[in-house]
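Structure first, then comments.
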Amino acid sequence: MKQVEDFRTEVAELGTLLETLTDAQWETVTQFKGYTINDLVRHLHQGDHMGLASIAGPEAFAALRAKRLKRREGGLSSRDDARAEYGHLGGAALLEAWRGAAARLADALSKLGPDARLRWSGPDMGVKMFATARQMEVWAHGHDVYDILGVERVAQDRLDNIAVIGVRTFGWTFANRGLKPPGPAPRVTLTAPSGAIWRWNEESTSGEVSGSALDFCQVVTQVRNVADTGLKVEGEGAKAWMAIAQCFAGPPEDPPVAGTRHGVKV
């Protein structure tokens, strides 16, 4: 399954960068909500264990989610919740544990039928979209690491999965905030890293989002504010979407303020 293999590749690519870090660098504070690099990888590790529980069955998923919700209701932030569960891991030991859990998750996903559905924090997802969601998390938080280290990241066409989940969550972005979509989904025309052109909603007359696939994926994952990208956004509905686009599950999150998320020059 392409989406599962792309998830594996995303983990491998980020892991290769993380291998180069010193112990001190693992505690570098990123531009993402005060998370350190250790915090980001703990968060990814936590998500992979949630995925394994979802595959194990509804009871296993509900039990693990209940424990985490109890901690969150007790006042812990997402970052501190991951610290509570995996704070004993850091640096090289954390990297090894995360890689192992991600590999087990990919193996388990690859054994599921294409019509399988899995529970998650938001709506249930088909296995392909579930694998894409895990790839998206690794890619998005990987950006936080590349940014703070000042390392240039080379985009790849496996961004197509993230672009798809970005387009498909147009309606959910508004529903998650208790809002009605401002109309039909606009056209989306993106240039892939390879130069290929990807198109969605070609018959729509309610505006258009166009530009690089990298910029679009950065906006829908809230890695960048749309104002900090080269995207061309036409139409009121398209502008309303790009202002709050969110392709990941969970409560509504606001995009970063313009100018606050960027690569660091070293």
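By convention in this document, the chains of the structure tokens carry letters A, B, ... by their order, each chain's residues are numbered from 1, and ligands are numbered from 1 in the order they are shown.
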
Please, which residues in segment 81-137 of chain A fall within 7 Å of segment 48-57 of chain A when counting only C-alpha atoms, and what is the closest atom pair and distance in Å to one decimal for each, ordered by chain then residue number, as JSON lines?
{"residue": "A:Ala101", "atom": "CA", "partner": "A:Asp48", "partner_atom": "CA", "distance": 6.4}
{"residue": "A:Ala102", "atom": "CA", "partner": "A:Asp48", "partner_atom": "CA", "distance": 6.0}
{"residue": "A:Leu105", "atom": "CA", "partner": "A:Leu52", "partner_atom": "CA", "distance": 5.8}
{"residue": "A:Leu118", "atom": "CA", "partner": "A:Ser54", "partner_atom": "CA", "distance": 6.0}
{"residue": "A:Arg119", "atom": "CA", "partner": "A:Ser54", "partner_atom": "CA", "distance": 5.8}

Write out as a list of chain:residue names which residues come within 10 Å of Trp172 of chain A when counting only C-alpha atoms, dropping same-chain ones fewer than 2 positions away.
-> A:Gly122, A:Pro123, A:Arg168, A:Thr169, A:Phe170, A:Phe174, A:Ala175, A:Asn176, A:Arg177, A:Gly178, A:Leu179, A:Lys180, A:Pro181, A:Ala245, A:Gln246, A:Cys247, A:Phe248, A:Ala249

Those selected residues, please, written with N, CA, C and O atoms and delivered as a PDB file, in the first residue's frame.
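See part.pdb below for the written result:
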ATOM      1  N   GLY A 122     -10.656  12.027  15.901  1.00  0.00           N
ATOM      2  CA  GLY A 122     -11.741  12.616  15.131  1.00  0.00           C
ATOM      3  C   GLY A 122     -12.589  11.516  14.536  1.00  0.00           C
ATOM      4  O   GLY A 122     -12.777  10.458  15.151  1.00  0.00           O
ATOM      5  N   PRO A 123     -13.111  11.728  13.322  1.00  0.00           N
ATOM      6  CA  PRO A 123     -13.899  10.681  12.670  1.00  0.00           C
ATOM      7  C   PRO A 123     -13.058   9.433  12.392  1.00  0.00           C
ATOM      8  O   PRO A 123     -11.833   9.514  12.257  1.00  0.00           O
ATOM      9  N   ARG A 168      -9.372  17.013   1.201  1.00  0.00           N
ATOM     10  CA  ARG A 168     -10.546  16.295   1.698  1.00  0.00           C
ATOM     11  C   ARG A 168     -11.074  16.836   3.027  1.00  0.00           C
ATOM     12  O   ARG A 168     -12.219  16.575   3.388  1.00  0.00           O
ATOM     13  N   THR A 169     -10.260  17.578   3.748  1.00  0.00           N
ATOM     14  CA  THR A 169     -10.706  18.107   5.036  1.00  0.00           C
ATOM     15  C   THR A 169     -11.218  19.544   4.925  1.00  0.00           C
ATOM     16  O   THR A 169     -11.347  20.230   5.934  1.00  0.00           O
ATOM     17  N   PHE A 170     -11.534  19.992   3.720  1.00  0.00           N
ATOM     18  CA  PHE A 170     -12.118  21.325   3.541  1.00  0.00           C
ATOM     19  C   PHE A 170     -13.353  21.485   4.428  1.00  0.00           C
ATOM     20  O   PHE A 170     -13.438  22.396   5.254  1.00  0.00           O
ATOM     21  N   PHE A 174     -14.213  23.514   8.744  1.00  0.00           N
ATOM     22  CA  PHE A 174     -15.261  24.414   9.217  1.00  0.00           C
ATOM     23  C   PHE A 174     -16.141  23.729  10.268  1.00  0.00           C
ATOM     24  O   PHE A 174     -16.475  24.316  11.299  1.00  0.00           O
ATOM     25  N   ALA A 175     -16.530  22.468   9.996  1.00  0.00           N
ATOM     26  CA  ALA A 175     -17.396  21.747  10.933  1.00  0.00           C
ATOM     27  C   ALA A 175     -16.741  21.610  12.295  1.00  0.00           C
ATOM     28  O   ALA A 175     -17.410  21.687  13.335  1.00  0.00           O
ATOM     29  N   ASN A 176     -15.429  21.441  12.328  1.00  0.00           N
ATOM     30  CA  ASN A 176     -14.697  21.292  13.575  1.00  0.00           C
ATOM     31  C   ASN A 176     -14.781  22.549  14.439  1.00  0.00           C
ATOM     32  O   ASN A 176     -14.603  22.495  15.651  1.00  0.00           O
ATOM     33  N   ARG A 177     -15.084  23.676  13.808  1.00  0.00           N
ATOM     34  CA  ARG A 177     -15.229  24.945  14.523  1.00  0.00           C
ATOM     35  C   ARG A 177     -16.694  25.344  14.705  1.00  0.00           C
ATOM     36  O   ARG A 177     -16.988  26.459  15.136  1.00  0.00           O
ATOM     37  N   GLY A 178     -17.598  24.420  14.340  1.00  0.00           N
ATOM     38  CA  GLY A 178     -19.013  24.725  14.448  1.00  0.00           C
ATOM     39  C   GLY A 178     -19.488  25.695  13.392  1.00  0.00           C
ATOM     40  O   GLY A 178     -20.496  26.394  13.579  1.00  0.00           O
ATOM     41  N   LEU A 179     -18.782  25.757  12.267  1.00  0.00           N
ATOM     42  CA  LEU A 179     -19.116  26.684  11.185  1.00  0.00           C
ATOM     43  C   LEU A 179     -19.613  25.924   9.964  1.00  0.00           C
ATOM     44  O   LEU A 179     -19.253  24.759   9.744  1.00  0.00           O
ATOM     45  N   LYS A 180     -20.432  26.583   9.168  1.00  0.00           N
ATOM     46  CA  LYS A 180     -20.836  26.027   7.892  1.00  0.00           C
ATOM     47  C   LYS A 180     -19.807  26.409   6.832  1.00  0.00           C
ATOM     48  O   LYS A 180     -19.328  27.555   6.830  1.00  0.00           O
ATOM     49  N   PRO A 181     -19.460  25.505   5.942  1.00  0.00           N
ATOM     50  CA  PRO A 181     -18.547  25.879   4.862  1.00  0.00           C
ATOM     51  C   PRO A 181     -19.134  27.053   4.083  1.00  0.00           C
ATOM     52  O   PRO A 181     -20.356  27.137   3.899  1.00  0.00           O
ATOM     53  N   ALA A 245      -7.270  26.543   7.719  1.00  0.00           N
ATOM     54  CA  ALA A 245      -7.132  25.156   7.254  1.00  0.00           C
ATOM     55  C   ALA A 245      -6.474  24.281   8.318  1.00  0.00           C
ATOM     56  O   ALA A 245      -5.489  24.667   8.941  1.00  0.00           O
ATOM     57  N   GLN A 246      -7.044  23.099   8.512  1.00  0.00           N
ATOM     58  CA  GLN A 246      -6.541  22.149   9.507  1.00  0.00           C
ATOM     59  C   GLN A 246      -6.852  20.743   9.024  1.00  0.00           C
ATOM     60  O   GLN A 246      -8.005  20.338   8.994  1.00  0.00           O
ATOM     61  N   CYS A 247      -5.821  20.002   8.673  1.00  0.00           N
ATOM     62  CA  CYS A 247      -6.059  18.651   8.141  1.00  0.00           C
ATOM     63  C   CYS A 247      -5.823  17.572   9.181  1.00  0.00           C
ATOM     64  O   CYS A 247      -5.909  16.390   8.862  1.00  0.00           O
ATOM     65  N   PHE A 248      -5.528  17.949  10.414  1.00  0.00           N
ATOM     66  CA  PHE A 248      -5.268  16.962  11.459  1.00  0.00           C
ATOM     67  C   PHE A 248      -6.433  16.919  12.446  1.00  0.00           C
ATOM     68  O   PHE A 248      -7.168  17.892  12.610  1.00  0.00           O
ATOM     69  N   ALA A 249      -6.597  15.779  13.099  1.00  0.00           N
ATOM     70  CA  ALA A 249      -7.706  15.572  14.026  1.00  0.00           C
ATOM     71  C   ALA A 249      -7.485  16.343  15.316  1.00  0.00           C
ATOM     72  O   ALA A 249      -6.387  16.829  15.604  1.00  0.00           O
TER      73      ALA A 249
END

Val219 of chain A: which residues within 9 Å, counting only C-alpha atoms, same-chain residues fewer than 5 positions away excluded, as number ranges by chain?
-> A: 166, 214, 224-226, 229, 242-246, 255

Generate the output file for the selected residues, N, CA and C atoms, as a compact mmCIF listing (two decimals), in the first residue's frame.
# COMPACT_ATOMS: atom_id res chain seq x y z
N GLY A 166 -5.39 17.19 2.83
CA GLY A 166 -5.66 18.62 2.95
C GLY A 166 -6.90 19.03 2.19
N LEU A 214 4.18 21.98 -1.92
CA LEU A 214 4.85 22.17 -0.65
C LEU A 214 4.17 23.27 0.16
N ARG A 224 3.00 26.59 8.31
CA ARG A 224 3.20 27.96 7.89
C ARG A 224 1.85 28.68 7.83
N ASN A 225 1.89 29.99 8.06
CA ASN A 225 0.74 30.84 7.77
C ASN A 225 0.68 31.03 6.26
N VAL A 226 -0.51 31.08 5.70
CA VAL A 226 -0.64 31.21 4.25
C VAL A 226 0.06 32.47 3.74
N THR A 229 3.63 32.01 2.46
CA THR A 229 3.84 31.12 1.32
C THR A 229 3.57 31.87 0.02
N MET A 242 -8.24 28.87 3.72
CA MET A 242 -6.80 28.94 3.94
C MET A 242 -6.45 29.69 5.23
N ALA A 243 -7.35 30.51 5.72
CA ALA A 243 -7.09 31.24 6.96
C ALA A 243 -7.15 30.34 8.18
N ILE A 244 -7.87 29.19 8.08
CA ILE A 244 -8.02 28.31 9.24
C ILE A 244 -7.80 26.84 8.90
N ALA A 245 -7.27 26.54 7.72
CA ALA A 245 -7.13 25.16 7.25
C ALA A 245 -6.47 24.28 8.32
N GLN A 246 -7.04 23.10 8.51
CA GLN A 246 -6.54 22.15 9.51
C GLN A 246 -6.85 20.74 9.02
N PRO A 255 -3.76 28.63 12.94
CA PRO A 255 -2.46 28.61 12.27
C PRO A 255 -1.47 29.52 12.98

Compare A:Asp80, A:Glu203, A:Glu253, A:Glu85 by their minimum atom-to-atom distance to Lys67 of chain A, counting only C-alpha atoms, and give me the closest one.
-> A:Glu85

Extract, using only C-alpha atoms, all DNA, RNA and protein residues at most 9 Å from segment 206-209 of chain A, discarding same-chain residues fewer than 6 positions from it, and format them as an MDAnalysis selection string.
-> chainID A and resid 183:190 216 231:239 242

Per-residue DSSP, segment 21-222 of chain A, filtered to helix (DSSP H, G or I), as a VMD selection string | chain A and resid 23 to 26 37 to 56 58 to 73 78 to 86 91 to 110 127 to 149 159 to 168 170 to 175 213 to 220

Polymer residues at most 9 Å from His141 of chain A, only C-alpha atoms, same-chain spacing of 2 or more positions, as a short mmCIF file (atom, residue, chain, number, x, y, z; two decimals) with N, CA, C and O atoms, in the first residue's frame:
data_model
loop_
_atom_site.label_atom_id
_atom_site.label_comp_id
_atom_site.auth_asym_id
_atom_site.auth_seq_id
_atom_site.Cartn_x
_atom_site.Cartn_y
_atom_site.Cartn_z
N PHE A 32 7.37 25.40 17.55
CA PHE A 32 6.04 24.81 17.73
C PHE A 32 5.69 24.76 19.21
O PHE A 32 6.10 23.85 19.94
N LEU A 40 8.66 16.68 20.54
CA LEU A 40 8.03 16.37 19.25
C LEU A 40 8.07 14.87 18.97
O LEU A 40 7.07 14.29 18.52
N VAL A 41 9.20 14.25 19.22
CA VAL A 41 9.32 12.82 18.93
C VAL A 41 8.50 12.01 19.94
O VAL A 41 7.90 10.99 19.57
N LEU A 44 5.03 12.11 18.57
CA LEU A 44 4.87 11.17 17.45
C LEU A 44 4.81 9.73 17.96
O LEU A 44 3.99 8.92 17.49
N MET A 136 1.53 12.37 7.62
CA MET A 136 1.37 13.82 7.73
C MET A 136 1.93 14.35 9.05
O MET A 136 2.60 15.37 9.09
N GLU A 137 1.67 13.63 10.15
CA GLU A 137 2.18 14.06 11.45
C GLU A 137 3.71 14.06 11.46
O GLU A 137 4.34 14.99 11.97
N VAL A 138 4.30 13.01 10.92
CA VAL A 138 5.76 12.92 10.89
C VAL A 138 6.33 14.04 10.02
O VAL A 138 7.31 14.70 10.39
N TRP A 139 5.71 14.25 8.87
CA TRP A 139 6.20 15.29 7.95
C TRP A 139 6.07 16.68 8.59
O TRP A 139 7.01 17.48 8.55
N HIS A 143 9.14 19.11 9.99
CA HIS A 143 9.42 20.48 9.56
C HIS A 143 9.91 21.32 10.73
O HIS A 143 10.81 22.15 10.58
N ASP A 144 9.30 21.11 11.90
CA ASP A 144 9.73 21.87 13.09
C ASP A 144 11.20 21.60 13.40
O ASP A 144 11.92 22.50 13.83
N VAL A 145 11.62 20.37 13.18
CA VAL A 145 13.01 20.01 13.45
C VAL A 145 13.93 20.62 12.39
O VAL A 145 14.95 21.25 12.72
N TYR A 146 13.58 20.45 11.12
CA TYR A 146 14.39 21.04 10.05
C TYR A 146 14.50 22.55 10.23
O TYR A 146 15.57 23.14 10.07
N VAL A 223 2.03 24.33 9.42
CA VAL A 223 3.47 24.53 9.54
C VAL A 223 3.82 25.98 9.18
O VAL A 223 4.80 26.53 9.67
#

Output as a Markdown table one row per residue of segment 100-131 of chain A within 12 Å of segment 7-10 of chain A: the closest atom pair and its distance in Å to one decimal place, counting only C-alpha atoms, sorted by chain and residue number ascending.
| residue | atom | partner | partner_atom | distance |
| --- | --- | --- | --- | --- |
| A:Gly100 | CA | A:Arg8 | CA | 11.1 |
| A:Ala101 | CA | A:Arg8 | CA | 11.2 |
| A:Ala102 | CA | A:Arg8 | CA | 7.6 |
| A:Ala103 | CA | A:Arg8 | CA | 7.1 |
| A:Arg104 | CA | A:Arg8 | CA | 10.3 |
| A:Leu105 | CA | A:Arg8 | CA | 9.4 |
| A:Ala106 | CA | A:Arg8 | CA | 6.7 |
| A:Asp107 | CA | A:Arg8 | CA | 9.4 |
| A:Leu109 | CA | A:Phe7 | CA | 10.4 |
| A:Ser110 | CA | A:Arg8 | CA | 10.8 |
| A:Lys128 | CA | A:Phe7 | CA | 10.5 |
| A:Met129 | CA | A:Phe7 | CA | 11.1 |
| A:Phe130 | CA | A:Phe7 | CA | 10.2 |
| A:Ala131 | CA | A:Phe7 | CA | 6.5 |

Determine the nearest neighbour of Glu27 of chain A from the options A:Val220, A:Gln156, A:Ala140, A:Asp39, counting only C-alpha atoms.
-> A:Asp39

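In this model, the gap between atom CA of Leu89 of chain A and atom CA of Trp120 of chain A comes to 24.7 Å.
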
Atom CA of Lys33 of chain A to atom CA of Ile148 of chain A: how many Å, to one decimal?
-> 12.8 Å

Test item: residues at most 9 Å from Glu19 of chain A, only C-alpha atoms, excluding those fewer than 2 positions along its chain, as a count of residues only = 9

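Separating atom CA of Thr191 of chain A from atom CA of Val151 of chain A is a distance of 22.8 Å.
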
Running DSSP on the backbone, which parts of segment 46-250 of chain A land in strand (DSSP E or B), as an mmCIF file with all heavy atoms, in the first residue's frame?
data_model
loop_
_atom_site.group_PDB
_atom_site.id
_atom_site.type_symbol
_atom_site.label_atom_id
_atom_site.label_comp_id
_atom_site.auth_asym_id
_atom_site.auth_seq_id
_atom_site.Cartn_x
_atom_site.Cartn_y
_atom_site.Cartn_z
ATOM 1 N N ARG A 117 -11.522 0.087 8.536
ATOM 2 C CA ARG A 117 -11.673 1.412 9.126
ATOM 3 C C ARG A 117 -11.157 1.385 10.557
ATOM 4 O O ARG A 117 -11.302 0.382 11.270
ATOM 5 C CB ARG A 117 -13.133 1.876 9.090
ATOM 6 C CG ARG A 117 -13.673 2.037 7.669
ATOM 7 C CD ARG A 117 -14.958 2.846 7.643
ATOM 8 N NE ARG A 117 -14.775 4.225 8.053
ATOM 9 C CZ ARG A 117 -14.279 5.183 7.260
ATOM 10 N NH1 ARG A 117 -13.910 4.916 6.014
ATOM 11 N NH2 ARG A 117 -14.166 6.424 7.703
ATOM 12 N N LEU A 118 -10.543 2.492 10.948
ATOM 13 C CA LEU A 118 -9.892 2.565 12.254
ATOM 14 C C LEU A 118 -10.385 3.770 13.027
ATOM 15 O O LEU A 118 -10.621 4.843 12.461
ATOM 16 C CB LEU A 118 -8.368 2.652 12.071
ATOM 17 C CG LEU A 118 -7.727 1.416 11.434
ATOM 18 C CD1 LEU A 118 -6.293 1.720 11.023
ATOM 19 C CD2 LEU A 118 -7.755 0.241 12.396
ATOM 20 N N MET A 125 -11.365 6.535 10.233
ATOM 21 C CA MET A 125 -10.690 6.685 8.945
ATOM 22 C C MET A 125 -10.453 5.338 8.296
ATOM 23 O O MET A 125 -10.206 4.346 8.983
ATOM 24 C CB MET A 125 -9.350 7.400 9.122
ATOM 25 C CG MET A 125 -9.450 8.872 9.455
ATOM 26 S SD MET A 125 -7.814 9.662 9.479
ATOM 27 C CE MET A 125 -7.226 9.113 11.087
ATOM 28 N N GLY A 126 -10.507 5.333 6.956
ATOM 29 C CA GLY A 126 -10.078 4.165 6.213
ATOM 30 C C GLY A 126 -8.577 3.988 6.374
ATOM 31 O O GLY A 126 -7.852 4.935 6.705
ATOM 32 N N ARG A 187 -11.460 25.074 -6.344
ATOM 33 C CA ARG A 187 -10.479 24.337 -7.126
ATOM 34 C C ARG A 187 -9.132 24.391 -6.402
ATOM 35 O O ARG A 187 -8.804 25.382 -5.740
ATOM 36 C CB ARG A 187 -10.312 24.946 -8.534
ATOM 37 C CG ARG A 187 -11.548 24.877 -9.410
ATOM 38 C CD ARG A 187 -11.249 25.356 -10.827
ATOM 39 N NE ARG A 187 -10.690 26.707 -10.849
ATOM 40 C CZ ARG A 187 -11.405 27.830 -10.728
ATOM 41 N NH1 ARG A 187 -12.729 27.759 -10.562
ATOM 42 N NH2 ARG A 187 -10.821 29.012 -10.777
ATOM 43 N N VAL A 188 -8.368 23.331 -6.562
ATOM 44 C CA VAL A 188 -7.011 23.295 -6.025
ATOM 45 C C VAL A 188 -6.094 22.812 -7.141
ATOM 46 O O VAL A 188 -6.296 21.738 -7.700
ATOM 47 C CB VAL A 188 -6.894 22.364 -4.801
ATOM 48 C CG1 VAL A 188 -5.456 22.312 -4.298
ATOM 49 C CG2 VAL A 188 -7.832 22.816 -3.679
ATOM 50 N N THR A 189 -5.120 23.639 -7.493
ATOM 51 C CA THR A 189 -4.174 23.314 -8.559
ATOM 52 C C THR A 189 -2.767 23.489 -8.017
ATOM 53 O O THR A 189 -2.357 24.607 -7.680
ATOM 54 C CB THR A 189 -4.379 24.235 -9.780
ATOM 55 O OG1 THR A 189 -5.745 24.181 -10.197
ATOM 56 C CG2 THR A 189 -3.484 23.810 -10.932
ATOM 57 N N LEU A 190 -2.040 22.390 -7.914
ATOM 58 C CA LEU A 190 -0.732 22.421 -7.263
ATOM 59 C C LEU A 190 0.363 21.875 -8.173
ATOM 60 O O LEU A 190 0.133 20.947 -8.955
ATOM 61 C CB LEU A 190 -0.761 21.593 -5.979
ATOM 62 C CG LEU A 190 -1.825 21.964 -4.948
ATOM 63 C CD1 LEU A 190 -1.781 20.994 -3.779
ATOM 64 C CD2 LEU A 190 -1.653 23.400 -4.468
ATOM 65 N N THR A 191 1.544 22.436 -8.029
ATOM 66 C CA THR A 191 2.710 21.942 -8.748
ATOM 67 C C THR A 191 3.520 21.062 -7.804
ATOM 68 O O THR A 191 3.980 21.525 -6.747
ATOM 69 C CB THR A 191 3.583 23.102 -9.250
ATOM 70 O OG1 THR A 191 2.797 23.948 -10.092
ATOM 71 C CG2 THR A 191 4.772 22.581 -10.035
ATOM 72 N N ILE A 197 1.499 18.412 -12.333
ATOM 73 C CA ILE A 197 0.388 19.252 -11.894
ATOM 74 C C ILE A 197 -0.694 18.373 -11.281
ATOM 75 O O ILE A 197 -1.149 17.409 -11.911
ATOM 76 C CB ILE A 197 -0.202 20.066 -13.057
ATOM 77 C CG1 ILE A 197 0.893 20.921 -13.714
ATOM 78 C CG2 ILE A 197 -1.342 20.953 -12.560
ATOM 79 C CD1 ILE A 197 1.527 21.946 -12.790
ATOM 80 N N TRP A 198 -1.085 18.692 -10.057
ATOM 81 C CA TRP A 198 -2.146 17.965 -9.351
ATOM 82 C C TRP A 198 -3.374 18.868 -9.269
ATOM 83 O O TRP A 198 -3.270 20.042 -8.882
ATOM 84 C CB TRP A 198 -1.701 17.585 -7.938
ATOM 85 C CG TRP A 198 -0.490 16.694 -7.892
ATOM 86 C CD1 TRP A 198 -0.039 15.852 -8.858
ATOM 87 C CD2 TRP A 198 0.426 16.549 -6.794
ATOM 88 N NE1 TRP A 198 1.087 15.186 -8.439
ATOM 89 C CE2 TRP A 198 1.395 15.595 -7.172
ATOM 90 C CE3 TRP A 198 0.505 17.121 -5.529
ATOM 91 C CZ2 TRP A 198 2.444 15.206 -6.339
ATOM 92 C CZ3 TRP A 198 1.543 16.745 -4.685
ATOM 93 C CH2 TRP A 198 2.504 15.794 -5.081
ATOM 94 N N ARG A 199 -4.531 18.318 -9.597
ATOM 95 C CA ARG A 199 -5.754 19.118 -9.603
ATOM 96 C C ARG A 199 -6.874 18.408 -8.844
ATOM 97 O O ARG A 199 -7.012 17.182 -8.918
ATOM 98 C CB ARG A 199 -6.217 19.378 -11.040
ATOM 99 C CG ARG A 199 -5.288 20.246 -11.860
ATOM 100 C CD ARG A 199 -5.898 20.546 -13.239
ATOM 101 N NE ARG A 199 -5.109 21.494 -13.997
ATOM 102 C CZ ARG A 199 -4.112 21.165 -14.812
ATOM 103 N NH1 ARG A 199 -3.792 19.884 -14.977
ATOM 104 N NH2 ARG A 199 -3.443 22.100 -15.469
ATOM 105 N N TRP A 200 -7.676 19.201 -8.151
ATOM 106 C CA TRP A 200 -8.880 18.715 -7.478
ATOM 107 C C TRP A 200 -10.010 19.724 -7.702
ATOM 108 O O TRP A 200 -9.773 20.915 -7.891
ATOM 109 C CB TRP A 200 -8.647 18.584 -5.969
ATOM 110 C CG TRP A 200 -7.680 17.518 -5.576
ATOM 111 C CD1 TRP A 200 -7.955 16.220 -5.269
ATOM 112 C CD2 TRP A 200 -6.257 17.665 -5.420
ATOM 113 N NE1 TRP A 200 -6.803 15.554 -4.944
ATOM 114 C CE2 TRP A 200 -5.750 16.405 -5.025
ATOM 115 C CE3 TRP A 200 -5.370 18.739 -5.574
ATOM 116 C CZ2 TRP A 200 -4.390 16.189 -4.789
ATOM 117 C CZ3 TRP A 200 -4.018 18.526 -5.346
ATOM 118 C CH2 TRP A 200 -3.539 17.271 -4.953
ATOM 119 N N GLU A 208 -10.257 29.439 -6.151
ATOM 120 C CA GLU A 208 -9.154 28.523 -6.405
ATOM 121 C C GLU A 208 -7.983 28.795 -5.480
ATOM 122 O O GLU A 208 -7.703 29.939 -5.109
ATOM 123 C CB GLU A 208 -8.677 28.644 -7.853
ATOM 124 C CG GLU A 208 -7.567 27.662 -8.221
ATOM 125 C CD GLU A 208 -7.185 27.728 -9.690
ATOM 126 O OE1 GLU A 208 -7.359 28.802 -10.300
ATOM 127 O OE2 GLU A 208 -6.713 26.709 -10.216
ATOM 128 N N VAL A 209 -7.315 27.707 -5.097
ATOM 129 C CA VAL A 209 -6.032 27.776 -4.408
ATOM 130 C C VAL A 209 -5.010 27.170 -5.352
ATOM 131 O O VAL A 209 -5.189 26.033 -5.808
ATOM 132 C CB VAL A 209 -6.054 26.989 -3.077
ATOM 133 C CG1 VAL A 209 -4.679 27.037 -2.411
ATOM 134 C CG2 VAL A 209 -7.124 27.528 -2.138
ATOM 135 N N SER A 210 -3.960 27.908 -5.659
ATOM 136 C CA SER A 210 -2.967 27.392 -6.594
ATOM 137 C C SER A 210 -1.561 27.773 -6.146
ATOM 138 O O SER A 210 -1.357 28.750 -5.418
ATOM 139 C CB SER A 210 -3.224 27.930 -8.007
ATOM 140 O OG SER A 210 -3.162 29.348 -8.037
ATOM 141 N N GLY A 211 -0.611 26.970 -6.577
ATOM 142 C CA GLY A 211 0.781 27.209 -6.214
ATOM 143 C C GLY A 211 1.512 25.905 -6.028
ATOM 144 O O GLY A 211 1.135 24.874 -6.596
ATOM 145 N N SER A 212 2.553 25.916 -5.204
ATOM 146 C CA SER A 212 3.346 24.705 -5.011
ATOM 147 C C SER A 212 2.661 23.764 -4.017
ATOM 148 O O SER A 212 2.020 24.209 -3.065
ATOM 149 C CB SER A 212 4.750 25.049 -4.506
ATOM 150 O OG SER A 212 4.747 25.362 -3.133
ATOM 151 N N LYS A 232 -1.499 31.286 -4.280
ATOM 152 C CA LYS A 232 -2.446 32.264 -4.814
ATOM 153 C C LYS A 232 -3.842 31.799 -4.413
ATOM 154 O O LYS A 232 -4.239 30.677 -4.724
ATOM 155 C CB LYS A 232 -2.331 32.348 -6.335
ATOM 156 C CG LYS A 232 -3.206 33.424 -6.966
ATOM 157 C CD LYS A 232 -2.960 33.505 -8.460
ATOM 158 C CE LYS A 232 -3.803 34.593 -9.114
ATOM 159 N NZ LYS A 232 -3.568 34.645 -10.589
ATOM 160 N N VAL A 233 -4.551 32.633 -3.683
ATOM 161 C CA VAL A 233 -5.863 32.257 -3.145
ATOM 162 C C VAL A 233 -6.895 33.232 -3.689
ATOM 163 O O VAL A 233 -6.841 34.432 -3.415
ATOM 164 C CB VAL A 233 -5.855 32.287 -1.604
ATOM 165 C CG1 VAL A 233 -7.194 31.798 -1.062
ATOM 166 C CG2 VAL A 233 -4.716 31.426 -1.049
ATOM 167 N N GLU A 234 -7.857 32.699 -4.449
ATOM 168 C CA GLU A 234 -8.871 33.528 -5.093
ATOM 169 C C GLU A 234 -10.253 33.098 -4.644
ATOM 170 O O GLU A 234 -10.566 31.903 -4.625
ATOM 171 C CB GLU A 234 -8.765 33.403 -6.613
ATOM 172 C CG GLU A 234 -7.417 33.813 -7.180
ATOM 173 C CD GLU A 234 -7.314 33.529 -8.665
ATOM 174 O OE1 GLU A 234 -7.376 32.322 -9.038
ATOM 175 O OE2 GLU A 234 -7.194 34.488 -9.449
#
